[in-house]
$ cat data06.tsv   # TSV, C-alpha atoms and all ligand atoms
chain	number	residue	atom	x	y	z
A	1	MET	CA	-45.73	-28.58	25.21
A	2	VAL	CA	-48.53	-28.86	27.75
A	3	GLU	CA	-48.75	-28.55	31.53
A	4	GLU	CA	-48.78	-32.38	31.81
A	5	ASP	CA	-45.13	-32.20	30.64
A	6	LEU	CA	-44.15	-30.36	33.82
A	7	ASP	CA	-42.54	-33.34	35.63
A	8	ASN	CA	-40.37	-34.11	32.59
A	9	ILE	CA	-39.50	-30.49	31.76
A	10	ALA	CA	-38.72	-29.71	35.43
A	11	ALA	CA	-36.44	-32.77	35.70
A	12	MET	CA	-34.60	-31.79	32.52
A	13	LEU	CA	-34.21	-28.08	33.32
A	14	GLY	CA	-33.27	-28.97	36.90
A	15	ASP	CA	-30.41	-31.18	35.70
A	16	PRO	CA	-27.01	-29.43	36.01
A	17	GLU	CA	-25.68	-31.47	33.08
A	18	VAL	CA	-28.36	-30.16	30.72
A	19	MET	CA	-27.99	-26.60	32.08
A	20	ARG	CA	-24.20	-26.61	32.01
A	21	TYR	CA	-24.02	-23.65	29.64
A	22	TYR	CA	-26.81	-21.68	31.32
A	23	PRO	CA	-26.41	-19.43	34.37
A	24	ALA	CA	-28.37	-21.84	36.62
A	25	THR	CA	-30.69	-24.81	36.72
A	26	ARG	CA	-34.41	-23.98	36.79
A	27	THR	CA	-36.82	-24.60	39.65
A	28	ARG	CA	-40.15	-26.38	39.12
A	29	ALA	CA	-41.90	-22.98	39.13
A	30	GLU	CA	-39.51	-21.73	36.46
A	31	ALA	CA	-40.12	-24.92	34.46
A	32	LEU	CA	-43.84	-24.13	34.54
A	33	ASP	CA	-43.04	-20.60	33.27
A	34	TRP	CA	-41.03	-22.25	30.48
A	35	ILE	CA	-44.10	-24.25	29.40
A	36	LEU	CA	-46.44	-21.25	29.68
A	37	GLY	CA	-43.96	-19.07	27.79
A	38	ASN	CA	-43.92	-21.54	24.92
A	39	GLN	CA	-47.72	-21.71	24.92
A	40	ARG	CA	-47.73	-17.91	24.59
A	41	ARG	CA	-45.36	-18.27	21.63
A	42	TYR	CA	-47.72	-20.80	19.99
A	43	ALA	CA	-50.60	-18.33	20.41
A	44	GLU	CA	-48.62	-15.33	19.19
A	45	HIS	CA	-46.47	-16.81	16.42
A	46	GLY	CA	-47.87	-20.30	15.80
A	47	PHE	CA	-44.62	-21.95	16.89
A	48	GLY	CA	-42.18	-22.21	19.79
A	49	LEU	CA	-40.29	-24.98	21.53
A	50	TRP	CA	-42.05	-28.33	21.20
A	51	VAL	CA	-41.57	-31.61	23.09
A	52	ILE	CA	-39.40	-34.30	21.51
A	53	GLU	CA	-40.70	-37.78	22.28
A	54	THR	CA	-40.20	-41.25	20.87
A	55	ARG	CA	-43.01	-42.99	19.00
A	56	ASP	CA	-44.03	-44.72	22.24
A	57	GLY	CA	-44.40	-41.34	23.96
A	58	THR	CA	-41.17	-41.37	26.01
A	59	PHE	CA	-40.05	-37.81	26.80
A	60	ILE	CA	-36.66	-36.97	25.24
A	61	GLY	CA	-36.43	-33.19	25.48
A	62	ASP	CA	-37.58	-30.04	23.77
A	63	LEU	CA	-36.68	-28.36	20.55
A	64	GLY	CA	-38.18	-25.78	18.27
A	65	ILE	CA	-38.12	-22.37	16.72
A	66	THR	CA	-38.27	-19.05	18.53
A	67	TRP	CA	-37.54	-15.41	17.80
A	68	GLN	CA	-34.34	-14.37	19.57
A	69	GLN	CA	-32.29	-11.18	19.57
A	70	VAL	CA	-28.81	-11.13	18.04
A	71	ASN	CA	-27.16	-7.81	18.80
A	72	GLY	CA	-30.59	-6.20	19.09
A	73	GLN	CA	-31.99	-7.68	15.86
A	74	PRO	CA	-34.69	-10.41	15.77
A	75	ARG	CA	-33.49	-13.68	14.22
A	76	LEU	CA	-35.33	-16.98	13.90
A	77	GLU	CA	-33.52	-19.51	16.08
A	78	VAL	CA	-33.62	-23.27	16.43
A	79	GLY	CA	-33.05	-24.29	20.07
A	80	TYR	CA	-32.79	-27.70	21.71
A	81	HIS	CA	-32.39	-29.55	25.03
A	82	VAL	CA	-32.17	-33.32	25.43
A	83	ARG	CA	-32.47	-35.28	28.72
A	84	SER	CA	-28.92	-36.11	29.77
A	85	ASP	CA	-29.52	-39.89	29.70
A	86	ALA	CA	-30.84	-39.66	26.11
A	87	GLN	CA	-28.00	-37.58	24.67
A	88	GLY	CA	-25.58	-38.83	22.02
A	89	GLN	CA	-28.16	-40.90	20.12
A	90	GLY	CA	-28.98	-38.41	17.39
A	91	PHE	CA	-32.29	-37.20	18.83
A	92	ALA	CA	-31.42	-33.47	18.67
A	93	THR	CA	-30.14	-33.77	15.12
A	94	GLU	CA	-33.20	-35.69	13.93
A	95	ALA	CA	-35.61	-33.24	15.56
A	96	ALA	CA	-33.62	-30.19	14.42
A	97	LEU	CA	-33.73	-31.39	10.82
A	98	ALA	CA	-37.53	-31.55	11.11
A	99	ALA	CA	-37.60	-28.03	12.61
A	100	ARG	CA	-35.40	-26.76	9.77
A	101	GLU	CA	-37.87	-28.22	7.26
A	102	TYR	CA	-40.75	-26.57	9.15
A	103	ALA	CA	-38.96	-23.20	9.03
A	104	ARG	CA	-38.42	-23.57	5.30
A	105	SER	CA	-41.69	-25.02	4.10
A	106	VAL	CA	-44.26	-23.77	6.62
A	107	LEU	CA	-42.78	-20.45	7.74
A	108	GLY	CA	-41.08	-19.60	4.45
A	109	ALA	CA	-38.09	-18.40	6.45
A	110	ASN	CA	-35.09	-16.89	4.71
A	111	GLU	CA	-32.66	-18.02	7.35
A	112	LEU	CA	-32.32	-19.95	10.58
A	113	VAL	CA	-29.69	-19.41	13.29
A	114	ALA	CA	-28.50	-21.12	16.47
A	115	ILE	CA	-26.99	-18.94	19.21
A	116	ILE	CA	-24.43	-21.04	21.05
A	117	HIS	CA	-22.14	-20.77	24.08
A	118	PRO	CA	-18.60	-20.91	22.65
A	119	GLU	CA	-17.73	-24.07	24.64
A	120	ASN	CA	-20.92	-25.95	23.79
A	121	LEU	CA	-19.44	-28.25	21.18
A	122	ALA	CA	-22.37	-30.71	21.12
A	123	SER	CA	-24.76	-27.88	20.29
A	124	ARG	CA	-22.41	-26.58	17.64
A	125	ARG	CA	-22.23	-30.06	16.14
A	126	VAL	CA	-26.03	-30.26	15.88
A	127	ALA	CA	-26.02	-26.87	14.12
A	128	GLU	CA	-23.36	-28.15	11.71
A	129	HIS	CA	-25.54	-31.17	10.93
A	130	LEU	CA	-28.18	-28.64	9.78
A	131	GLY	CA	-25.69	-27.14	7.34
A	132	MET	CA	-24.96	-24.14	9.55
A	133	THR	CA	-21.66	-22.30	9.69
A	134	GLN	CA	-20.57	-19.46	11.94
A	135	VAL	CA	-22.21	-16.28	10.62
A	136	ASP	CA	-21.94	-13.85	13.51
A	137	LEU	CA	-21.03	-13.23	17.14
A	138	ASP	CA	-23.62	-12.06	19.65
A	139	TYR	CA	-22.62	-9.51	22.29
A	140	GLY	CA	-26.04	-9.42	23.99
A	141	HIS	CA	-24.92	-11.47	27.01
A	142	PRO	CA	-23.16	-9.52	29.78
A	143	TRP	CA	-19.94	-11.56	29.76
A	144	ILE	CA	-20.15	-14.37	27.21
A	145	THR	CA	-19.68	-13.70	23.51
A	146	ARG	CA	-21.88	-16.29	21.89
A	147	VAL	CA	-21.34	-17.86	18.50
A	148	VAL	CA	-24.12	-17.41	15.97
A	149	MET	CA	-24.37	-20.36	13.60
A	150	GLY	CA	-26.67	-19.92	10.64
A	151	MET	CA	-27.90	-21.02	7.25
A	152	THR	CA	-30.03	-19.49	4.54
A	153	PHE	CA	-32.64	-21.32	2.52
A	154	PRO	CA	-32.05	-21.44	-1.20
A	155	ARG	CA	-34.86	-19.94	-3.27
A	156	TYR	CA	-35.79	-21.68	-6.49
A	157	GLY	CA	-38.12	-20.73	-9.30
A	158	VAL	CA	-38.90	-17.49	-11.02
B	201	LIG	C1	-26.93	-30.03	22.47
B	201	LIG	C2	-27.80	-31.25	22.74
B	201	LIG	C3	-29.28	-30.86	22.60
B	201	LIG	C4	-27.48	-32.34	21.69
B	201	LIG	O1	-28.41	-33.40	21.86
B	201	LIG	P1	-28.10	-34.88	21.36
B	201	LIG	O2	-29.41	-35.58	21.16
B	201	LIG	O3	-27.11	-35.51	22.24
B	201	LIG	O4	-27.45	-34.54	19.94
B	201	LIG	P2	-27.05	-35.57	18.77
B	201	LIG	O5	-26.88	-36.93	19.34
B	201	LIG	O6	-28.03	-35.38	17.65
B	201	LIG	O7	-25.67	-34.96	18.26
B	201	LIG	C5	-24.69	-34.52	19.17
B	201	LIG	C6	-23.40	-34.31	18.43
B	201	LIG	O8	-22.50	-33.63	19.33
B	201	LIG	C7	-21.34	-34.43	19.51
B	201	LIG	N1	-20.88	-34.19	20.86
B	201	LIG	C8	-21.50	-34.53	22.00
B	201	LIG	N2	-20.76	-34.12	23.05
B	201	LIG	C9	-19.68	-33.48	22.53
B	201	LIG	C10	-18.55	-32.86	23.08
B	201	LIG	N3	-18.40	-32.75	24.40
B	201	LIG	N4	-17.62	-32.33	22.24
B	201	LIG	C11	-17.77	-32.41	20.90
B	201	LIG	N5	-18.85	-33.00	20.31
B	201	LIG	C12	-19.77	-33.53	21.12
B	201	LIG	C13	-21.77	-35.84	19.22
B	201	LIG	O9	-20.70	-36.67	18.88
B	201	LIG	C14	-22.72	-35.58	18.04
B	201	LIG	O10	-21.99	-35.31	16.86
B	201	LIG	P3	-21.84	-36.41	15.69
B	201	LIG	O11	-23.24	-36.71	15.23
B	201	LIG	O12	-21.02	-35.74	14.65
B	201	LIG	O13	-21.20	-37.60	16.32
B	201	LIG	C15	-27.55	-31.86	24.15
B	201	LIG	O14	-26.16	-32.06	24.31
B	201	LIG	C16	-28.07	-30.99	25.26
B	201	LIG	O15	-29.26	-31.06	25.63
B	201	LIG	N6	-27.22	-30.15	25.84
B	201	LIG	C17	-27.63	-29.30	26.93
B	201	LIG	C18	-28.61	-28.22	26.52
B	201	LIG	C19	-27.95	-27.26	25.56
B	201	LIG	O16	-26.83	-26.82	25.78
B	201	LIG	N7	-28.69	-26.93	24.48
B	201	LIG	C20	-28.19	-26.06	23.44
B	201	LIG	C21	-28.38	-24.63	23.79
B	201	LIG	S1	-27.66	-23.61	22.49
$ encode --input "data06.tsv" --output "structure tokens"
Amino acid sequence: MVEEDLDNIAAMLGDPEVMRYYPATRTRAEALDWILGNQRRYAEHGFGLWVIETRDGTFIGDLGITWQQVNGQPRLEVGYHVRSDAQGQGFATEAALAAREYARSVLGANELVAIIHPENLASRRVAEHLGMTQVDLDYGHPWITRVVMGMTFPRYGV
């Protein structure tokens, strides 16, 4: 994610359809903060939310891995947003499967979670495609109890 993505990120995070399960849409200035925040994550952890694009470079959305708090404990989360006119074509699932593989093989993660608004069935479906099941509830939000979907990575060998 680079500053040249600002037009695309601002359009996506400014779209009420994409932000339906968030408190509000984001302004262009907030979209810039989103990009800069992810660049800080790359510097600090080596990963964050990345841009999803097609092979010809068309912007689809963002998706990636971040540290999030579940009831005060840090958990590695996969998160995703897809432009509303590109939804329903399998992009989030395809990209999330790649992120899951990155978490397993590059990060050596033990588990991966997705923290989801209880009514966000599309997001839940993507998590299910990753092999996730409900593992927890998160009470960190002031009025919404969010569902925590998760999976652990099997360990082979001696
Ligand atoms: C969640 C999101 C990223 C999914 O992106 P996508 O590219 O459309 O996802 P996919 O096409 O890979 O899969 C979506 C799945 O949800 C299903 N789905 C979509 N809308 C649904 C709905 N209203 N109810 C139930 N299932 C729904 C689709 O049928 C599909 O499942 P299937 O493969 O079993 O048919 C996209 O809806 C989005 O950007 N939402 C807004 C941002 C958001 O809420 N992000 C998640 C924060 S936790």
$ residues_near_ligand --input "data06.tsv" --ligand "ligand LIG 201 (chain B)" --cutoff "10 Å" --atoms "all atoms listed in the file" --output "PyMOL selection string"
chain A and resi 12-13+15-22+60-63+77-97+114-129+146-148
$ atom_distance --input "data06.tsv" --atom1 "atom CA of A:Trp143" --atom2 "atom CA of A:Val70"
14.7 Å
$ residues_near_point --input "data06.tsv" --point "(-40.5, -25.8, 38.2)" --cutoff "10 Å" --atoms "only C-alpha atoms" --output "VMD selection string"
chain A and resid 6 to 7 9 to 11 13 to 14 25 to 35
$ residues_around --input "data06.tsv" --residues "A:Gly140" --least-positions-apart "6" --cutoff "8 Å" --atoms "all atoms listed in the file" --output "NGL selection string"
:A and (69-72)
$ closest_residue --input "data06.tsv" --among "A:Arg155, A:His45, A:Arg75, A:Arg55" --to "A:Asp136" --atoms "only C-alpha atoms"
A:Arg75
$ closest_residue --input "data06.tsv" --among "A:Leu137, A:Leu36, A:Leu76, A:Leu112" --to "A:Trp50" --atoms "all atoms listed in the file"
A:Leu36
$ atom_distance --input "data06.tsv" --atom1 "atom CA of A:Ala99" --atom2 "atom CA of A:Pro142"
29.1 Å
$ atom_distance --input "data06.tsv" --atom1 "atom CA of A:Leu49" --atom2 "atom CA of A:Thr66"
6.9 Å
$ closest_residue --input "data06.tsv" --among "A:His141, A:Gly46, A:Gln73, A:Asn38" --to "A:Tyr102" --atoms "only C-alpha atoms"
A:Gly46
